[in-house]
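Undergrad: What follows is input_15.txt, made up of compact mmCIF, C-alpha atoms:
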# COMPACT_ATOMS: atom_id res chain seq x y z
CA MET A 1 -0.07 3.72 -18.50
CA ARG A 2 -1.26 2.88 -14.99
CA VAL A 3 1.20 0.66 -13.14
CA ILE A 4 1.38 -0.89 -9.70
CA PHE A 5 4.75 -1.96 -8.31
CA GLY A 6 4.87 -4.65 -5.65
CA CYS A 7 8.21 -4.80 -3.87
CA GLY A 8 10.02 -4.18 -0.66
CA GLY A 9 11.82 -5.35 2.41
CA THR A 10 15.25 -4.32 1.12
CA GLY A 11 16.74 -1.76 -1.21
CA GLY A 12 17.74 -4.63 -3.50
CA HIS A 13 14.08 -5.18 -4.32
CA LEU A 14 12.93 -1.57 -4.14
CA TYR A 15 15.49 0.40 -6.15
CA PRO A 16 15.15 -1.64 -9.37
CA ALA A 17 11.41 -0.88 -9.22
CA LEU A 18 12.17 2.82 -8.80
CA ALA A 19 14.49 2.65 -11.83
CA ILE A 20 11.70 1.13 -13.94
CA ALA A 21 9.21 3.72 -12.65
CA GLU A 22 11.68 6.46 -13.59
CA ILE A 23 11.77 5.21 -17.20
CA ILE A 24 7.97 4.91 -17.39
CA LYS A 25 7.54 8.51 -16.22
CA ARG A 26 10.15 9.69 -18.69
CA LYS A 27 8.52 7.86 -21.60
CA GLU A 28 4.97 8.65 -20.53
CA PRO A 29 4.85 11.68 -18.24
CA ASP A 30 1.11 11.28 -17.69
CA SER A 31 1.51 7.76 -16.31
CA GLU A 32 0.00 6.94 -12.93
CA ILE A 33 2.25 4.87 -10.68
CA LEU A 34 1.45 3.31 -7.31
CA PHE A 35 3.77 1.33 -5.04
CA ILE A 36 2.39 -1.29 -2.66
CA GLY A 37 4.54 -2.66 0.13
CA SER A 38 4.86 -3.19 3.85
CA LYS A 39 4.65 -0.33 6.32
CA LYS A 40 7.63 -1.92 8.10
CA GLY A 41 9.87 -2.08 5.04
CA ILE A 42 12.30 0.44 3.59
CA GLU A 43 9.72 1.18 0.89
CA ALA A 44 7.38 2.97 3.33
CA GLU A 45 9.97 5.72 3.82
CA VAL A 46 11.78 5.81 0.47
CA VAL A 47 8.85 5.67 -1.99
CA PRO A 48 7.05 8.84 -0.76
CA HIS A 49 10.43 10.59 -0.59
CA GLU A 50 10.91 9.76 -4.29
CA GLY A 51 7.55 11.35 -5.10
CA TYR A 52 5.42 8.25 -5.72
CA ASN A 53 2.18 7.22 -4.05
CA PHE A 54 2.46 4.37 -1.58
CA LYS A 55 -0.02 2.05 0.10
CA SER A 56 0.78 -0.63 2.64
CA ILE A 57 -0.73 -4.07 3.06
CA PRO A 58 -0.43 -6.70 5.82
CA THR A 59 2.08 -9.38 4.90
CA GLN A 60 4.59 -11.71 6.49
CA GLY A 61 7.37 -13.88 5.14
CA MET A 62 8.63 -17.31 6.12
CA GLN A 63 11.55 -17.41 8.52
CA VAL A 64 13.65 -20.23 9.92
CA ARG A 65 12.16 -21.79 13.05
CA GLU A 66 13.61 -24.61 15.15
CA THR A 67 10.68 -26.74 16.34
CA LYS A 68 7.70 -28.24 14.53
CA LEU A 69 5.34 -26.21 16.71
CA GLN A 70 7.15 -22.98 15.86
CA LYS A 71 6.99 -23.82 12.17
CA LEU A 72 3.28 -24.66 12.43
CA VAL A 73 2.47 -21.40 14.23
CA LEU A 74 4.54 -19.38 11.77
CA SER A 75 2.92 -21.06 8.76
CA ALA A 76 -0.53 -20.26 10.15
CA ASN A 77 0.43 -16.63 10.82
CA VAL A 78 1.94 -16.26 7.34
CA GLY A 79 -1.17 -17.74 5.75
CA LEU A 80 -3.53 -15.43 7.62
CA SER A 81 -1.33 -12.39 6.96
CA ASN A 82 -1.11 -13.12 3.25
CA LEU A 83 -4.87 -13.69 3.05
CA ALA A 84 -5.39 -10.26 4.58
CA GLY A 85 -2.77 -8.87 2.17
CA ILE A 86 -4.54 -10.37 -0.85
CA THR A 87 -7.86 -8.92 0.30
CA LYS A 88 -6.44 -5.42 0.75
CA SER A 89 -4.45 -5.63 -2.50
CA ALA A 90 -7.62 -6.63 -4.36
CA SER A 91 -9.39 -3.55 -3.01
CA ILE A 92 -6.50 -1.28 -4.06
CA ILE A 93 -6.38 -2.86 -7.52
CA ARG A 94 -10.13 -2.40 -8.06
CA LYS A 95 -9.87 1.30 -7.27
CA PHE A 96 -6.61 2.00 -9.12
CA LYS A 97 -7.41 -0.07 -12.24
CA PRO A 98 -3.80 -0.77 -13.31
CA ASP A 99 -2.76 -1.75 -16.83
CA ALA A 100 0.08 -3.82 -15.37
CA ILE A 101 1.50 -5.01 -12.06
CA ILE A 102 5.26 -5.41 -11.72
CA GLY A 103 6.80 -7.38 -8.87
CA THR A 104 10.48 -6.97 -8.13
CA GLY A 105 10.84 -9.28 -5.16
CA GLY A 106 10.34 -9.65 -1.45
CA TYR A 107 7.57 -11.58 0.27
CA VAL A 108 5.24 -8.58 -0.02
CA CYS A 109 5.00 -9.37 -3.74
CA PHE A 110 3.06 -12.56 -3.13
CA PRO A 111 -0.32 -11.15 -2.07
CA ILE A 112 -0.10 -8.26 -4.55
CA LEU A 113 0.52 -10.41 -7.61
CA MET A 114 -1.94 -13.05 -6.43
CA ALA A 115 -4.64 -10.38 -6.21
CA GLY A 116 -3.60 -8.97 -9.58
CA GLU A 117 -3.78 -12.37 -11.27
CA MET A 118 -7.25 -13.01 -9.80
CA ALA A 119 -8.36 -9.61 -11.10
CA GLY A 120 -7.09 -10.43 -14.60
CA VAL A 121 -4.37 -7.75 -14.62
CA PRO A 122 -1.19 -8.65 -16.58
CA CYS A 123 1.51 -9.38 -14.00
CA TYR A 124 5.27 -9.24 -14.56
CA ILE A 125 8.18 -10.31 -12.37
CA HIS A 126 11.74 -9.07 -12.33
CA GLU A 127 14.29 -11.26 -10.53
CA GLN A 128 17.50 -9.46 -9.66
CA ASN A 129 19.52 -12.44 -8.47
CA ALA A 130 21.08 -15.34 -10.37
CA VAL A 131 18.87 -17.71 -8.35
CA PRO A 132 15.17 -16.73 -7.96
CA GLY A 133 13.81 -15.87 -4.52
CA ARG A 134 11.04 -17.96 -2.95
CA ALA A 135 8.24 -15.46 -3.55
CA ASN A 136 9.15 -14.88 -7.20
CA LYS A 137 9.48 -18.60 -7.87
CA ALA A 138 6.07 -19.30 -6.33
CA LEU A 139 4.49 -16.63 -8.55
CA ALA A 140 6.31 -17.45 -11.79
CA LYS A 141 3.58 -19.67 -13.23
CA LYS A 142 1.02 -16.87 -13.02
CA ALA A 143 3.22 -14.12 -14.47
CA LYS A 144 2.85 -13.03 -18.08
CA LYS A 145 6.58 -12.40 -18.47
CA LEU A 146 9.62 -13.08 -16.28
CA PHE A 147 12.62 -10.74 -16.47
CA VAL A 148 16.02 -11.85 -15.16
CA GLY A 149 19.02 -9.78 -14.14
CA PHE A 150 21.83 -12.16 -15.08
CA ARG A 151 22.53 -13.66 -18.48
CA GLY A 152 22.41 -17.44 -18.51
CA THR A 153 19.63 -17.67 -15.92
CA GLU A 154 16.73 -17.77 -18.39
CA ASP A 155 15.94 -21.36 -17.30
CA SER A 156 16.03 -20.59 -13.58
CA PHE A 157 12.24 -20.31 -13.22
CA GLY A 158 11.44 -23.36 -15.30
CA TYR A 159 9.53 -21.26 -17.87
CA PRO A 160 12.17 -20.37 -20.49
CA GLU A 161 9.48 -19.61 -23.09
CA LYS A 162 8.38 -16.51 -21.17
CA THR A 163 11.66 -15.59 -19.48
CA ILE A 164 13.67 -12.67 -20.88
CA PHE A 165 17.13 -11.47 -19.94
CA THR A 166 17.04 -7.71 -19.34
CA GLY A 167 19.73 -7.15 -16.74
CA ASN A 168 19.18 -5.31 -13.49
CA PRO A 169 17.70 -1.79 -13.69
CA VAL A 170 19.68 0.99 -12.05
CA ARG A 171 18.67 4.57 -11.51
CA GLN A 172 19.79 7.08 -14.14
CA ASP A 173 22.13 8.73 -11.63
CA PHE A 174 24.44 5.73 -11.89
CA LEU A 175 24.65 5.85 -15.68
CA ASN A 176 26.27 9.27 -15.94
CA LEU A 177 28.87 9.37 -13.20
CA ASP A 178 31.64 11.93 -13.08
CA LYS A 179 34.58 10.73 -10.97
CA GLU A 180 36.29 14.09 -10.72
CA GLU A 181 33.06 15.85 -9.72
CA SER A 182 32.26 13.19 -7.12
CA ARG A 183 35.73 13.51 -5.63
CA ARG A 184 35.34 17.26 -5.51
CA ARG A 185 32.05 16.93 -3.63
CA LEU A 186 33.60 14.46 -1.17
CA ASN A 187 36.83 16.47 -0.91
CA ILE A 188 39.07 13.61 -2.07
CA PRO A 189 42.31 14.36 -3.96
CA ASP A 190 42.18 13.49 -7.67
CA ASP A 191 45.30 11.30 -7.52
CA ASP A 192 44.41 9.22 -4.46
CA PHE A 193 43.81 5.48 -4.70
CA VAL A 194 40.34 5.18 -3.20
CA ILE A 195 38.81 2.01 -1.77
CA PHE A 196 35.14 1.83 -0.88
CA ALA A 197 34.35 -1.03 1.53
CA PHE A 198 30.75 -1.55 2.55
CA GLY A 199 28.47 -4.36 3.64
CA GLY A 200 25.10 -2.83 2.88
CA SER A 201 22.81 -0.81 5.13
CA LEU A 202 23.06 -3.37 7.95
CA GLY A 203 26.77 -3.96 7.47
CA ALA A 204 28.78 -7.18 7.27
CA LEU A 205 31.32 -8.36 9.82
CA THR A 206 33.51 -9.95 7.15
CA ILE A 207 33.72 -6.77 5.05
CA ASN A 208 34.45 -4.76 8.20
CA LYS A 209 37.23 -7.20 9.09
CA ILE A 210 38.80 -6.75 5.65
CA ALA A 211 38.58 -2.94 5.86
CA ILE A 212 40.16 -2.78 9.31
CA ASP A 213 42.95 -5.14 8.25
CA TYR A 214 43.61 -2.96 5.20
CA LEU A 215 43.88 0.13 7.40
CA GLU A 216 46.40 -1.61 9.65
CA ARG A 217 48.55 -2.50 6.66
CA SER A 218 48.23 0.81 4.82
CA LYS A 219 48.71 3.12 7.80
CA GLY A 220 51.06 5.94 6.86
CA LYS A 221 50.88 5.36 3.11
CA GLU A 222 50.35 8.61 1.24
CA GLY A 223 47.77 8.93 -1.49
CA ARG A 224 45.28 6.44 -0.02
CA THR A 225 41.66 7.05 0.99
CA LEU A 226 39.34 4.49 2.55
CA LEU A 227 35.59 4.99 2.45
CA PHE A 228 34.23 2.53 5.00
CA GLY A 229 30.51 1.81 5.42
CA THR A 230 30.24 -0.28 8.58
CA GLY A 231 26.46 -0.59 8.75
CA ARG A 232 24.45 1.06 11.53
CA ARG A 233 24.75 -1.76 14.04
CA PHE A 234 28.55 -2.05 13.75
CA PHE A 235 29.56 1.60 13.64
CA ASP A 236 30.35 2.09 17.34
CA ASP A 237 32.26 -1.19 17.60
CA CYS A 238 34.32 -0.44 14.48
CA VAL A 239 35.23 3.06 15.63
CA GLU A 240 36.18 1.67 19.05
CA GLU A 241 38.41 -1.00 17.47
CA LEU A 242 40.02 1.46 15.09
CA GLY A 243 40.71 3.81 18.00
CA ASP A 244 42.16 1.05 20.18
CA LYS A 245 44.51 0.10 17.35
CA GLU A 246 45.48 3.77 16.94
CA LEU A 247 44.32 3.75 13.34
CA ILE A 248 42.11 6.78 13.97
CA ASP A 249 41.96 9.49 16.59
CA LYS A 250 38.31 9.16 17.52
CA SER A 251 38.45 12.06 19.97
CA LYS A 252 39.09 14.62 17.24
CA TYR A 253 37.19 13.82 14.11
CA MET A 254 33.72 12.63 15.07
CA ILE A 255 31.10 14.41 12.98
CA GLU A 256 27.45 13.98 12.17
CA ASP A 257 26.66 13.17 8.57
CA GLU A 258 23.69 14.29 6.49
CA SER A 259 21.51 11.39 7.67
CA GLY A 260 22.00 12.34 11.31
CA LEU A 261 24.23 9.35 12.01
CA GLN A 262 27.66 9.57 13.50
CA ALA A 263 30.59 9.39 11.13
CA TYR A 264 34.35 9.72 11.32
CA ASN A 265 36.40 11.67 8.80
CA ASP A 266 40.06 12.55 8.96
CA GLY A 267 40.44 12.84 5.19
CA MET A 268 42.29 9.59 4.54
CA THR A 269 39.92 7.43 6.60
CA ARG A 270 36.16 7.98 6.53
CA VAL A 271 33.86 5.72 8.52
CA TYR A 272 30.07 5.81 8.16
CA GLY A 273 27.25 3.96 9.85
CA TYR A 274 25.00 4.49 6.85
CA ILE A 275 25.59 6.01 3.42
CA ASN A 276 22.83 7.93 1.67
CA ASN A 277 24.92 9.20 -1.22
CA MET A 278 25.96 5.89 -2.82
CA LYS A 279 26.26 7.50 -6.24
CA ASP A 280 29.17 9.76 -5.31
CA PHE A 281 30.86 7.14 -3.13
CA ILE A 282 30.90 4.59 -5.95
CA SER A 283 31.83 7.21 -8.55
CA ALA A 284 34.78 8.50 -6.50
CA SER A 285 36.22 5.03 -5.89
CA ASP A 286 38.85 3.00 -7.69
CA LEU A 287 38.11 -0.34 -6.04
CA MET A 288 35.06 -1.79 -4.30
CA ILE A 289 35.07 -4.32 -1.45
CA CYS A 290 31.56 -5.60 -0.90
CA ARG A 291 29.00 -8.38 -0.71
CA ALA A 292 27.24 -9.65 -3.83
CA GLY A 293 23.74 -8.26 -3.52
CA ALA A 294 22.20 -7.84 -6.97
CA LEU A 295 21.54 -4.11 -6.56
CA SER A 296 25.06 -3.31 -5.37
CA LEU A 297 26.57 -5.28 -8.23
CA ALA A 298 24.27 -3.68 -10.81
CA GLU A 299 25.35 -0.21 -9.67
CA ILE A 300 29.01 -1.23 -9.60
CA MET A 301 28.77 -2.73 -13.09
CA ALA A 302 27.03 0.36 -14.47
CA ALA A 303 29.84 2.48 -12.98
CA GLY A 304 32.53 0.11 -14.28
CA LYS A 305 34.21 -0.30 -10.90
CA PRO A 306 36.38 -3.38 -10.27
CA GLY A 307 35.81 -5.16 -7.00
CA ILE A 308 36.81 -7.71 -4.42
CA ILE A 309 33.48 -9.43 -3.83
CA VAL A 310 32.78 -11.67 -0.84
CA PRO A 311 29.33 -13.30 -1.21
CA ILE A 312 27.20 -14.09 1.83
CA PRO A 313 27.76 -17.85 2.25
CA ASN A 314 24.22 -18.71 3.37
CA SER A 315 22.17 -16.73 0.85
CA VAL A 316 19.09 -18.50 -0.56
CA GLY A 317 20.20 -20.91 -3.28
CA ASN A 318 23.73 -19.51 -2.81
CA HIS A 319 22.56 -16.74 -5.15
CA GLN A 320 25.20 -14.24 -4.03
CA PHE A 321 27.96 -16.59 -5.15
CA PHE A 322 26.42 -16.86 -8.61
CA ASN A 323 25.80 -13.09 -8.73
CA ALA A 324 29.49 -12.48 -8.08
CA LYS A 325 30.60 -15.24 -10.44
CA ALA A 326 28.99 -13.46 -13.40
CA ILE A 327 31.33 -10.49 -12.90
CA SER A 328 34.33 -12.57 -11.89
CA ASP A 329 34.05 -14.77 -14.98
CA ALA A 330 34.12 -11.64 -17.14
CA GLY A 331 37.31 -10.45 -15.41
CA GLY A 332 35.69 -7.51 -13.64
CA ALA A 333 36.19 -8.64 -10.05
CA PHE A 334 37.94 -11.03 -7.70
CA LEU A 335 35.48 -13.48 -6.15
CA VAL A 336 36.51 -14.44 -2.61
CA GLU A 337 34.53 -17.13 -0.81
CA GLU A 338 34.17 -16.41 2.89
CA SER A 339 35.14 -19.97 3.83
CA LYS A 340 38.47 -19.40 2.05
CA LEU A 341 39.07 -15.85 3.28
CA ASP A 342 42.78 -15.01 3.37
CA LEU A 343 43.57 -11.46 4.45
CA ASP A 344 47.14 -11.69 3.14
CA ASP A 345 45.83 -12.66 -0.30
CA ILE A 346 43.27 -9.85 -0.28
CA ASN A 347 45.95 -7.33 0.66
CA ASP A 348 48.14 -8.62 -2.18
CA LYS A 349 45.25 -8.07 -4.61
CA ILE A 350 44.68 -4.53 -3.31
CA GLU A 351 48.35 -3.60 -3.57
CA TYR A 352 48.63 -5.10 -7.05
CA LEU A 353 45.74 -2.95 -8.29
CA ALA A 354 46.99 0.14 -6.43
CA ARG A 355 50.32 -0.12 -8.28
CA ASN A 356 49.01 -1.33 -11.62
CA LYS A 357 46.71 1.27 -13.14
CA SER A 358 46.37 -0.57 -16.44
CA ALA A 359 45.16 -3.75 -14.69
CA LEU A 360 42.70 -1.68 -12.68
CA GLU A 361 41.34 -0.03 -15.82
CA LYS A 362 41.11 -3.38 -17.63
CA MET A 363 39.06 -4.83 -14.77
CA GLY A 364 36.82 -1.76 -14.79
CA GLU A 365 36.17 -2.16 -18.51
CA ALA A 366 35.37 -5.86 -18.02
CA CYS A 367 33.00 -5.00 -15.19
CA ARG A 368 31.13 -2.46 -17.29
CA SER A 369 30.98 -4.90 -20.23
CA VAL A 370 28.53 -7.10 -18.29
CA ALA A 371 26.34 -4.19 -17.20
CA SER A 372 22.88 -3.79 -18.72
CA ILE A 373 22.55 -0.04 -18.76
CA ASP A 374 19.27 -0.19 -20.66
CA ALA A 375 17.59 -2.81 -18.45
CA ALA A 376 14.76 -0.57 -17.25
CA GLU A 377 14.02 0.54 -20.80
CA ARG A 378 13.94 -3.07 -22.03
CA ILE A 379 11.39 -3.94 -19.35
CA TYR A 380 9.26 -0.92 -20.20
CA GLU A 381 9.28 -1.75 -23.91
CA GLU A 382 8.39 -5.39 -23.27
CA ILE A 383 5.47 -4.49 -21.02
CA LYS A 384 4.29 -1.80 -23.43
CA SER A 385 4.29 -4.21 -26.39
CA ASN A 386 2.54 -6.94 -24.42
CA ASN A 387 -0.15 -4.55 -23.21
CA ALA A 388 -0.73 -2.94 -26.61
Would it be possible to restate this file's structure as structure tokens?

TA:
Amino acid sequence: MRVIFGCGGTGGHLYPALAIAEIIKRKEPDSEILFIGSKKGIEAEVVPHEGYNFKSIPTQGMQVRETKLQKLVLSANVGLSNLAGITKSASIIRKFKPDAIIGTGGYVCFPILMAGEMAGVPCYIHEQNAVPGRANKALAKKAKKLFVGFRGTEDSFGYPEKTIFTGNPVRQDFLNLDKEESRRRLNIPDDDFVIFAFGGSLGALTINKIAIDYLERSKGKEGRTLLFGTGRRFFDDCVEELGDKELIDKSKYMIEDESGLQAYNDGMTRVYGYINNMKDFISASDLMICRAGALSLAEIMAAGKPGIIVPIPNSVGNHQFFNAKAISDAGGAFLVEESKLDLDDINDKIEYLARNKSALEKMGEACRSVASIDAAERIYEEIKSNNA
């Protein structure tokens, strides 16, 4: 099989594509796979590192602008950029001759799938979120099949006859986690209650606020470990605040982690600007505190980790709220809306789970019950049967 993946901008769009590519290569080792994306996106660095070929195209997405003139100029620039992206994508497609094109989101998908449809190549879309993104929705009519990551969203595109629930693909690493081994690698005691708070690669002020408040309340408690991913842009400020509050001794424990970024580690409190090794961090944890990005939730569900989930309040179509609601409704997480954030209530939830192992395990089981651990394989089988 010869497959082109169109995706990028964020890990939430890229890593599901990598999970599908992983399954294709396992099922058909002789397959040829090509990723197309933006040279400015995360895909330009990650895809070659994962061993796949990558080509970039010019593309630009719509952004919020204040004045009519700004909107007009942006619309013109987006149109010209996408036209150039379609032209270059068409040239790549002619040379590569794919059997299928799979788009997993991000504005870079638009020119790729448009060029694929014009070339007569079967095009497929996977939507990770409970509410479709703008690019995916605009392309839905032209796609042969639409795959969705959350059950109950089969009508979200308006084409239920060709929409299939598959779940969100996660890499195989997240399907065979070993908590004890992960704790050994991270040097965390087996009996500790471990919280992993993170707001994604860029970080989230609200998640950071919750983590710092937790540290203030839990200071001096034995058997607790906090793994705290601040995001690159907030690392220095968080370390400064933690030091000022005497929650860490920043003069003694500053280190440099494997990605070359500064980190802080005194055993009980570990602060990171960026986390490369998400697999071990999730595996080693008892409780997650995070946003509701589809990729993060898919990995958490696959690992069966209960969470306190605070959706971004201004996500497109409020999709993060509905992402989180799917787990919360199953009993696998507490959904906390940012507008109703109550640090006392969050601390009560943390302490309840820290003391009540059976409740923690029950939530973990509920979380895993809504995971789709065979999502990538379902997508592969569907594309294979449609292209037979």

Undergrad: From the options A:Ile20, A:Arg378, A:Asp190, A:Gly231, which residue's atoms come nearest to A:Asp178, counting all atoms listed in the file?

TA: A:Asp190

Undergrad: Dump as a list in words all residues having an atom at most 10 Å from (36.6, -0.2, -15.0), computed in the file's coordinates with all atoms listed in the file.

TA: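 Here the neighbourhood of the point contains Asp286, Leu287, Ile300, Met301, Ala302, Ala303, Gly304, Lys305, Pro306, Gly307, Gly332, Ala333, Ser358, Ala359, Leu360, Glu361, Lys362, Met363, Gly364, Glu365, Ala366, Cys367, Arg368 and Ser369 of chain A.
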
Undergrad: From the list A:Leu177, A:Ile210, A:Ala263, A:Ile383, which residue is nearest A:Asp99 when using all atoms listed in the file?

TA: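 Of A:Leu177, A:Ile210, A:Ala263, A:Ile383, the one nearest A:Asp99, counting all atoms listed in the file, is A:Ile383.
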
Undergrad: Do a neighbour search on A:Leu215 at 9 Å with all atoms listed in the file, toss out local chain neighbours closer than 6 positions, and write the hits as an MDAnalysis selection string.

TA: chainID A and resid 226 242 247 269

Undergrad: Please compute the atom CA of A:Ala354-atom CA of A:Gly223 distance, one decimal, in Å.

TA: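 Between these atoms lies a distance of 10.1 Å.
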
Undergrad: Show me, as a list in words, the residues that have an atom within 12 Å of A:Asn277 when counting all atoms listed in the file, minus same-chain residues fewer than 3 positions from it.

TA: Asp173, Phe174, Ser182, Arg185, Leu186, Gly229, Asp257, Glu258, Ser259, Tyr272, Tyr274, Asp280, Phe281, Ile282, Ser283 and Ala284 of chain A

Undergrad: Can you work out which one of A:Cys123, A:Ala298, A:Met1, A:Ile289 has the shortest atom-to-atom distance to A:Thr206, counting all atoms listed in the file?

TA: A:Ile289

Undergrad: Figure out the distance between atom CA of A:Thr166 and atom CA of A:Gly11, please, to one decimal in Å.

TA: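 Spanning atom CA of A:Gly11 to atom CA of A:Thr166 is a straight-line distance of 19.1 Å.
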
Undergrad: Mind listing whatever residues come within 12 Å of the point (46.0, -2.1, -2.6)? Use all atoms listed in the file, file coordinates, and give them as a PyMOL selection string.

TA: chain A and resi 192-196+210-211+213-215+217-219+221+223-226+286-289+307-308+343-357+360

Undergrad: May I ask which of the residues A:His319, A:Lys145, A:His49, A:Arg291 is the closest one to A:Phe198, counting only C-alpha atoms?

TA: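 Of A:His319, A:Lys145, A:His49, A:Arg291, the one nearest A:Phe198, counting only C-alpha atoms, is A:Arg291.
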
Undergrad: One decimal, in Å: what's the spacing between atom CA of A:Ala326 and atom CA of A:Asn168?

TA: 12.8 Å

Undergrad: Nearest to A:Val46: which of A:Ala17, A:Ile4, A:Leu205, A:Ile102 is it, counting only C-alpha atoms?

TA: A:Ala17

Undergrad: With only C-alpha atoms as the basis for distance, which of A:Ser81, A:Ser339, A:Thr104, A:Asn129 is at the shortest distance from A:Gly6?

TA: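 Among the listed residues, the smallest separation from A:Gly6 belongs to A:Thr104.
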